[in-house]
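Undergrad: This is model_36.txt, which holds compact mmCIF, C-alpha atoms and all ligand atoms:
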# COMPACT_ATOMS: atom_id res chain seq x y z
CA MET A 1 -43.83 282.34 102.57
CA VAL A 2 -43.74 278.60 103.25
CA ARG A 3 -46.34 276.73 101.22
CA ARG A 4 -47.62 273.56 102.74
CA LEU A 5 -48.01 270.58 100.46
CA SER A 6 -51.39 268.92 100.69
CA THR A 7 -51.35 265.97 103.05
CA ALA A 8 -54.34 264.36 101.33
CA ARG A 9 -53.30 260.90 100.21
CA ILE A 10 -53.82 259.82 96.66
CA ARG A 11 -56.18 256.86 96.58
CA MET A 12 -56.13 254.39 93.74
CA ARG A 13 -59.31 254.32 91.68
CA VAL A 14 -60.50 250.72 91.55
CA ALA A 15 -62.96 248.98 89.24
CA ALA A 16 -64.48 245.68 90.40
CA PHE A 17 -65.50 243.29 87.62
CA ILE A 18 -68.37 240.94 88.48
CA SER A 19 -70.59 238.40 86.74
CA GLY A 20 -72.86 237.35 89.59
CA ARG A 21 -73.76 237.84 93.22
CA GLY A 22 -70.90 240.19 94.10
CA SER A 23 -70.18 239.28 97.73
CA ASN A 24 -66.44 239.89 97.30
CA MET A 25 -67.25 243.17 95.58
CA VAL A 26 -69.29 244.23 98.64
CA ALA A 27 -66.35 243.33 100.91
CA LEU A 28 -64.12 245.55 98.76
CA ILE A 29 -66.62 248.42 98.72
CA ASP A 30 -66.91 248.25 102.52
CA ALA A 31 -63.12 248.21 102.93
CA CYS A 32 -62.73 251.19 100.59
CA ALA A 33 -65.22 253.10 102.76
CA THR A 34 -63.01 252.77 105.87
CA PRO A 35 -60.76 255.69 106.86
CA ASP A 36 -57.25 255.73 105.35
CA PHE A 37 -57.90 252.80 103.00
CA PRO A 38 -55.55 253.37 100.03
CA ALA A 39 -58.18 252.75 97.35
CA GLU A 40 -61.62 253.99 96.39
CA MET A 41 -64.23 251.93 94.59
CA ALA A 42 -64.88 254.04 91.51
CA LEU A 43 -66.76 251.59 89.32
CA VAL A 44 -68.44 248.19 89.25
CA LEU A 45 -68.55 246.64 85.80
CA SER A 46 -70.41 243.50 84.74
CA ASN A 47 -70.72 241.48 81.56
CA VAL A 48 -74.06 240.14 82.88
CA VAL A 49 -76.83 242.75 82.71
CA ASP A 50 -78.85 241.28 85.58
CA ALA A 51 -75.97 240.32 87.87
CA PRO A 52 -77.35 240.67 91.44
CA GLY A 53 -74.15 242.43 92.51
CA LEU A 54 -75.02 245.45 90.33
CA ASP A 55 -77.93 246.36 92.62
CA LEU A 56 -75.74 245.93 95.70
CA ALA A 57 -73.20 248.33 94.20
CA ALA A 58 -75.83 250.90 93.21
CA GLU A 59 -77.38 250.74 96.72
CA ARG A 60 -73.95 251.68 98.05
CA GLY A 61 -73.70 254.65 95.69
CA ILE A 62 -71.09 253.12 93.38
CA ALA A 63 -71.17 253.82 89.63
CA THR A 64 -72.07 250.74 87.58
CA GLU A 65 -71.64 249.84 83.93
CA THR A 66 -72.81 246.75 82.06
CA LEU A 67 -71.12 245.51 78.93
CA PRO A 68 -72.62 242.21 77.76
CA HIS A 69 -70.34 240.24 75.48
CA ARG A 70 -73.06 238.91 73.13
CA PRO A 71 -73.34 242.03 70.88
CA PHE A 72 -69.67 241.59 70.06
CA ALA A 73 -70.49 238.24 68.39
CA GLY A 74 -67.49 236.30 69.59
CA ASP A 75 -64.94 239.08 69.02
CA ARG A 76 -63.49 238.98 72.54
CA GLU A 77 -60.94 241.68 71.94
CA ALA A 78 -63.58 244.09 70.59
CA HIS A 79 -65.59 243.50 73.77
CA GLU A 80 -62.54 244.21 75.90
CA ARG A 81 -61.63 247.33 73.90
CA ALA A 82 -65.11 248.62 74.78
CA ILE A 83 -64.48 247.73 78.44
CA ASP A 84 -61.11 249.47 78.30
CA ALA A 85 -62.75 252.65 76.97
CA VAL A 86 -65.14 252.61 79.96
CA LEU A 87 -62.20 252.18 82.34
CA VAL A 88 -60.38 255.11 80.78
CA ARG A 89 -63.52 257.24 81.04
CA HIS A 90 -63.74 256.44 84.76
CA LYS A 91 -60.00 257.06 85.23
CA ILE A 92 -59.43 253.59 86.69
CA ASP A 93 -55.99 252.71 88.06
CA LEU A 94 -56.52 249.14 89.20
CA ILE A 95 -58.95 246.30 88.41
CA CYS A 96 -60.20 243.74 90.94
CA LEU A 97 -61.76 240.69 89.31
CA ALA A 98 -64.41 239.59 91.80
CA GLY A 99 -66.21 236.60 90.36
CA TYR A 100 -65.80 237.80 86.76
CA MET A 101 -66.35 234.53 84.96
CA ARG A 102 -64.77 235.26 81.58
CA LEU A 103 -61.23 234.55 80.57
CA LEU A 104 -59.62 237.80 79.42
CA THR A 105 -57.62 238.04 76.19
CA PRO A 106 -53.83 238.43 76.21
CA TRP A 107 -54.37 241.93 74.77
CA PHE A 108 -56.39 243.09 77.78
CA VAL A 109 -54.19 241.27 80.30
CA GLU A 110 -51.07 242.93 78.87
CA ARG A 111 -52.74 246.34 78.81
CA TRP A 112 -53.53 245.99 82.54
CA ARG A 113 -50.38 244.05 83.44
CA ASP A 114 -49.61 244.40 87.15
CA ARG A 115 -52.70 246.62 87.51
CA MET A 116 -55.25 243.78 87.72
CA ILE A 117 -55.78 241.27 90.54
CA ASN A 118 -58.12 238.31 90.93
CA ILE A 119 -59.49 236.19 93.75
CA HIS A 120 -59.73 232.45 93.29
CA PRO A 121 -61.29 229.93 95.70
CA SER A 122 -58.31 227.60 96.13
CA LEU A 123 -54.73 227.62 97.28
CA LEU A 124 -53.15 228.27 93.89
CA PRO A 125 -51.44 226.78 91.99
CA ALA A 126 -53.63 223.88 93.14
CA PHE A 127 -57.20 223.59 91.88
CA LYS A 128 -57.34 226.13 89.08
CA GLY A 129 -60.67 226.39 87.30
CA LEU A 130 -64.22 225.65 88.42
CA ASP A 131 -65.81 223.55 91.20
CA THR A 132 -62.78 223.85 93.45
CA HIS A 133 -64.57 222.86 96.67
CA ALA A 134 -65.96 219.60 95.25
CA ARG A 135 -62.57 218.74 93.74
CA VAL A 136 -60.80 219.36 97.05
CA LEU A 137 -63.21 216.95 98.75
CA GLU A 138 -62.80 214.42 95.96
CA VAL A 139 -59.04 214.12 96.43
CA GLY A 140 -59.26 214.23 100.23
CA ALA A 141 -57.10 217.33 100.74
CA ARG A 142 -56.92 218.38 104.42
CA TRP A 143 -56.53 222.10 103.76
CA HIS A 144 -58.16 224.45 101.32
CA GLY A 145 -58.37 228.21 100.95
CA CYS A 146 -58.27 231.17 98.63
CA THR A 147 -55.69 233.21 96.76
CA VAL A 148 -55.39 236.77 95.48
CA HIS A 149 -52.98 237.06 92.56
CA PHE A 150 -51.98 239.41 89.76
CA VAL A 151 -53.61 238.34 86.50
CA ARG A 152 -51.75 236.71 83.65
CA ALA A 153 -53.15 235.39 80.37
CA ALA A 154 -53.42 231.76 81.53
CA MET A 155 -56.45 231.04 83.70
CA ASP A 156 -55.92 231.46 87.48
CA GLU A 157 -52.20 232.13 87.03
CA GLY A 158 -49.99 235.00 88.10
CA PRO A 159 -47.85 236.30 90.97
CA ILE A 160 -49.48 235.57 94.34
CA VAL A 161 -50.26 238.52 96.62
CA ALA A 162 -51.83 236.72 99.60
CA GLN A 163 -53.56 233.52 100.64
CA ALA A 164 -55.84 232.31 103.42
CA ILE A 165 -56.25 228.71 104.47
CA VAL A 166 -59.13 226.77 106.00
CA PRO A 167 -59.25 223.21 107.35
CA VAL A 168 -61.36 220.62 105.55
CA ALA A 169 -63.77 218.89 107.97
CA ALA A 170 -64.60 215.19 107.70
CA ASP A 171 -68.29 215.91 107.18
CA ASP A 172 -67.88 218.82 104.78
CA THR A 173 -69.96 219.14 101.65
CA ALA A 174 -68.96 221.40 98.79
CA GLN A 175 -71.48 223.90 100.23
CA THR A 176 -70.14 223.95 103.82
CA LEU A 177 -66.53 224.04 102.63
CA GLY A 178 -67.35 226.75 100.09
CA ALA A 179 -69.00 228.88 102.79
CA ARG A 180 -65.91 228.52 105.02
CA VAL A 181 -63.66 229.61 102.15
CA LEU A 182 -65.96 232.48 101.14
CA ALA A 183 -65.81 233.94 104.66
CA GLN A 184 -62.03 234.04 104.30
CA GLU A 185 -62.25 235.52 100.78
CA HIS A 186 -64.12 238.47 102.27
CA ARG A 187 -61.22 239.10 104.67
CA LEU A 188 -58.42 238.30 102.25
CA TYR A 189 -59.42 240.41 99.26
CA PRO A 190 -59.55 243.76 101.13
CA HIS A 191 -56.25 242.87 102.80
CA ALA A 192 -54.61 242.11 99.44
CA LEU A 193 -56.11 245.19 97.78
CA SER A 194 -54.72 247.36 100.54
CA LEU A 195 -51.24 245.85 100.06
CA VAL A 196 -51.34 246.44 96.30
CA ALA A 197 -53.00 249.88 96.29
CA SER A 198 -50.57 251.21 98.91
CA GLY A 199 -47.58 249.96 96.89
CA THR A 200 -46.58 247.65 99.75
CA ALA A 201 -46.90 244.62 97.46
CA ARG A 202 -45.59 244.83 93.92
CA VAL A 203 -44.51 242.49 91.15
CA GLU A 204 -40.78 241.96 90.82
CA GLY A 205 -39.63 239.27 88.42
CA GLU A 206 -42.94 237.42 88.44
CA ARG A 207 -43.02 237.18 92.24
CA VAL A 208 -44.74 239.61 94.58
CA ALA A 209 -42.27 241.51 96.72
CA VAL A 210 -43.60 242.94 99.96
CA ARG A 211 -42.05 246.01 101.54
CA ASP A 212 -42.02 246.66 105.28
CA HIS A 213 -44.24 243.75 106.14
CA PRO A 214 -43.66 241.32 108.99
CA LEU A 215 -44.32 238.27 106.82
CA PRO A 216 -42.40 237.44 103.63
CA VAL A 217 -45.63 236.53 101.87
CA PRO A 218 -48.61 238.00 103.72
CA ALA A 219 -51.16 235.38 104.56
CA ILE A 220 -54.14 235.20 106.79
CA ASN A 221 -52.93 231.96 108.29
CA PRO A 222 -54.40 230.45 110.27
CA PRO A 223 -57.70 232.21 109.75
CA GLU A 224 -59.15 233.97 112.77
CA SER A 225 -62.47 232.17 112.53
CA THR A 226 -63.24 228.93 110.77
C1 LIG A 301 -65.87 233.66 94.54
O1 LIG A 301 -65.82 232.49 95.32
C2 LIG A 301 -64.59 233.82 93.73
O2 LIG A 301 -63.46 233.37 94.43
C3 LIG A 301 -64.88 232.95 92.53
O3 LIG A 301 -66.21 233.23 92.22
C4 LIG A 301 -66.92 233.53 93.43
C5 LIG A 301 -67.67 234.82 93.23
O4 LIG A 301 -68.51 235.08 94.32
N1 LIG A 301 -63.99 233.26 91.45
C6 LIG A 301 -63.48 232.33 90.62
O5 LIG A 301 -63.76 231.15 90.69
C7 LIG A 301 -62.51 232.86 89.59
N2 LIG A 301 -61.72 231.82 89.04
P1 LIG A 301 -69.03 236.55 94.62
O6 LIG A 301 -69.68 237.04 93.33
O7 LIG A 301 -70.02 236.39 95.72
O8 LIG A 301 -67.85 237.39 95.00
Could you rewrite the structure in this file as structure tokens?
TA:
Amino acid sequence: MVRRLSTARIRMRVAAFISGRGSNMVALIDACATPDFPAEMALVLSNVVDAPGLDLAAERGIATETLPHRPFAGDREAHERAIDAVLVRHKIDLICLAGYMRLLTPWFVERWRDRMINIHPSLLPAFKGLDTHARVLEVGARWHGCTVHFVRAAMDEGPIVAQAIVPVAADDTAQTLGARVLAQEHRLYPHALSLVASGTARVEGERVAVRDHPLPVPAINPPEST
């Protein structure tokens, strides 16, 4: 008798980490809900108990967990060991930082090395840190954008998976420029997650190698709508 192997594809179990509104998290949840997407959103975790994104996740039927850092009284690693236990309980394969506004310890970053990605609102390695849109306007840069990268211990550093660019308009404010970038973040993050979860993009020697892809470094460039 010939036994057929199951053709069901194994989908990576993803946890999104948030601290606030969660619009990128929603974009990831929606992408995961599309047919044949190589990942499923298994958990949304927040360090902020009243993060608005938690309600958005629950409305979409996604499990949520909150782990505030205050009870750990400054012991960052103890907080992250508690987070790690939650991730193990939910059988998580891959973490997407989606507006998680805490720097993770080297212990946690190493434990999830090459299994954790982040989105940042600038074209890294330019404009690491906060207030990127205002700083772009301040120096008069003509182009701006967003980056998805694998996480390393230093803030906003790590092998780049994908980027999207937007033009900077003469009359932009930090708000209008930020909104233009955010629209691209919502397209870029699902695209990058799909590349990583499918194994198409992987870290090789601190660069991201992309298999069977028409572009050497996948980018949404120029963006379809600005
Ligand atoms: C996003 O713009 C994301 O790129 C940024 O926080 C915002 C979260 O918005 N992340 C960072 O600055 C990380 N360095 P969201 O909660 O609506 O997704």
Undergrad: Please, which residues have at least one atom within 8 Å of an atom of ligand LIG 301 (chain A), using all atoms listed in the file, listed as a count of residues only?
TA: 32
Undergrad: Counting only C-alpha atoms, which residue out of A:Ala16, A:Ala153, A:Arg142, A:Pro159 sits closest to A:Leu87?
TA: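 Of A:Ala16, A:Ala153, A:Arg142, A:Pro159, the one nearest A:Leu87, counting only C-alpha atoms, is A:Ala16.
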Undergrad: Neighbouring residues of A:Gly158 were defined as those with any atom within 9 Å, considering only C-alpha atoms; residues of the same chain fewer than 6 positions away were excluded. Please report them as a ChimeraX atom specification.
TA: /A:117,149-152,206-207
Undergrad: Please, what distance in Å, to one decimal, runs between atom CA of A:Ile95 and atom CA of A:Glu77?
TA: 17.2 Å
Undergrad: Tell me, in Å to one decimal, how far atom CA of A:Leu124 is from atom CA of A:Thr34.
TA: 29.0 Å
Undergrad: In Å, rounded to a single decimal, give me how far atom CA of A:Val196 is from atom CA of A:Ala82.
TA: 25.6 Å
Undergrad: With only C-alpha atoms as the atoms that count, which of A:Gln163, A:Asn47, A:Thr105, A:Thr66 lies nearest to A:His186?
TA: A:Gln163
Undergrad: Go through A:Arg111, A:Val148, A:Val210, A:Leu104 one by one, measure the shortest atom-to-atom distance of each to A:Ala85 using only C-alpha atoms, and give the residue with the smallest value.
TA: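 Of all the options, A:Arg111 lies closest to A:Ala85.
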Undergrad: For A:Val88, which of A:Val139, A:Val14, A:Leu188, A:Arg180 is the closest residue, counting all atoms listed in the file?
TA: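 Going through A:Val139, A:Val14, A:Leu188, A:Arg180 one by one, the smallest distance to A:Val88 is for A:Val14.
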Undergrad: Using only C-alpha atoms, pick whichever of A:Ala31, A:Leu193, A:Ala209, A:Ala63 has the shortest atom-to-atom distance to A:Leu43.
TA: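 Ranking A:Ala31, A:Leu193, A:Ala209, A:Ala63 by distance to A:Leu43, first place goes to A:Ala63.
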Undergrad: Using only C-alpha atoms, can you list as an MDAnalysis selection string the residues within 12 Å of (-58.3, 253.9, 98.2)?
TA: chainID A and resid 8:15 28:42 92:94 190 193:199
Undergrad: Taking only C-alpha atoms into account, name the residue in A:Asp114, A:Leu177, A:Ala169, A:Pro106 that is nearest to A:Ala154.
TA: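 Among A:Asp114, A:Leu177, A:Ala169, A:Pro106, it is A:Pro106 that comes nearest to A:Ala154.
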Undergrad: Is there a way to complete stretch 35-54 of chain A with N, CA, C and O atoms and then write that out as a short mmCIF file (atom, residue, chain, number, x, y, z; two decimals), in the frame of the given file?
TA:
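Result written to result.cif:
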data_model
loop_
_atom_site.label_atom_id
_atom_site.label_comp_id
_atom_site.auth_asym_id
_atom_site.auth_seq_id
_atom_site.Cartn_x
_atom_site.Cartn_y
_atom_site.Cartn_z
N PRO A 35 -61.72 254.59 106.89
CA PRO A 35 -60.76 255.69 106.86
C PRO A 35 -59.36 255.19 106.51
O PRO A 35 -58.96 254.11 106.92
N ASP A 36 -58.65 255.99 105.71
CA ASP A 36 -57.25 255.73 105.35
C ASP A 36 -57.04 254.52 104.44
O ASP A 36 -55.91 254.10 104.24
N PHE A 37 -58.12 253.92 103.94
CA PHE A 37 -57.90 252.80 103.00
C PHE A 37 -57.28 253.40 101.72
O PHE A 37 -57.72 254.44 101.25
N PRO A 38 -56.28 252.73 101.15
CA PRO A 38 -55.55 253.37 100.03
C PRO A 38 -56.22 253.28 98.67
O PRO A 38 -55.59 253.57 97.65
N ALA A 39 -57.48 252.84 98.63
CA ALA A 39 -58.18 252.75 97.35
C ALA A 39 -59.61 253.21 97.50
O ALA A 39 -60.18 253.13 98.59
N GLU A 40 -60.19 253.69 96.39
CA GLU A 40 -61.62 253.99 96.39
C GLU A 40 -62.30 253.17 95.31
O GLU A 40 -61.72 252.95 94.24
N MET A 41 -63.50 252.70 95.59
CA MET A 41 -64.23 251.93 94.59
C MET A 41 -64.91 252.92 93.66
O MET A 41 -65.87 253.60 94.03
N ALA A 42 -64.38 253.03 92.43
CA ALA A 42 -64.88 254.04 91.51
C ALA A 42 -65.90 253.49 90.53
O ALA A 42 -66.66 254.25 89.93
N LEU A 43 -65.90 252.16 90.36
CA LEU A 43 -66.76 251.59 89.32
C LEU A 43 -66.96 250.09 89.57
O LEU A 43 -66.02 249.40 89.98
N VAL A 44 -68.18 249.63 89.32
CA VAL A 44 -68.44 248.19 89.25
C VAL A 44 -68.92 247.89 87.84
O VAL A 44 -69.85 248.53 87.34
N LEU A 45 -68.25 246.96 87.19
CA LEU A 45 -68.55 246.64 85.80
C LEU A 45 -68.93 245.16 85.69
O LEU A 45 -68.31 244.32 86.32
N SER A 46 -69.97 244.90 84.91
CA SER A 46 -70.41 243.50 84.74
C SER A 46 -70.66 243.19 83.28
O SER A 46 -71.12 244.04 82.52
N ASN A 47 -70.37 241.96 82.91
CA ASN A 47 -70.72 241.48 81.56
C ASN A 47 -72.11 240.85 81.55
O ASN A 47 -72.61 240.48 80.50
N VAL A 48 -72.72 240.74 82.76
CA VAL A 48 -74.06 240.14 82.88
C VAL A 48 -75.02 241.25 83.31
O VAL A 48 -74.87 241.81 84.40
N VAL A 49 -76.00 241.57 82.45
CA VAL A 49 -76.83 242.75 82.71
C VAL A 49 -77.64 242.65 84.00
O VAL A 49 -77.89 243.66 84.66
N ASP A 50 -78.05 241.41 84.36
CA ASP A 50 -78.85 241.28 85.58
C ASP A 50 -78.06 240.65 86.74
O ASP A 50 -78.64 239.98 87.60
N ALA A 51 -76.77 240.85 86.76
CA ALA A 51 -75.97 240.32 87.87
C ALA A 51 -76.47 240.95 89.18
O ALA A 51 -76.54 242.18 89.29
N PRO A 52 -76.82 240.13 90.18
CA PRO A 52 -77.35 240.67 91.44
C PRO A 52 -76.41 241.69 92.09
O PRO A 52 -76.87 242.62 92.76
N GLY A 53 -75.13 241.52 91.91
CA GLY A 53 -74.15 242.43 92.51
C GLY A 53 -74.30 243.87 92.04
O GLY A 53 -73.91 244.81 92.75
N LEU A 54 -74.88 244.08 90.84
CA LEU A 54 -75.02 245.45 90.33
C LEU A 54 -75.93 246.28 91.23
O LEU A 54 -75.65 247.46 91.50
#
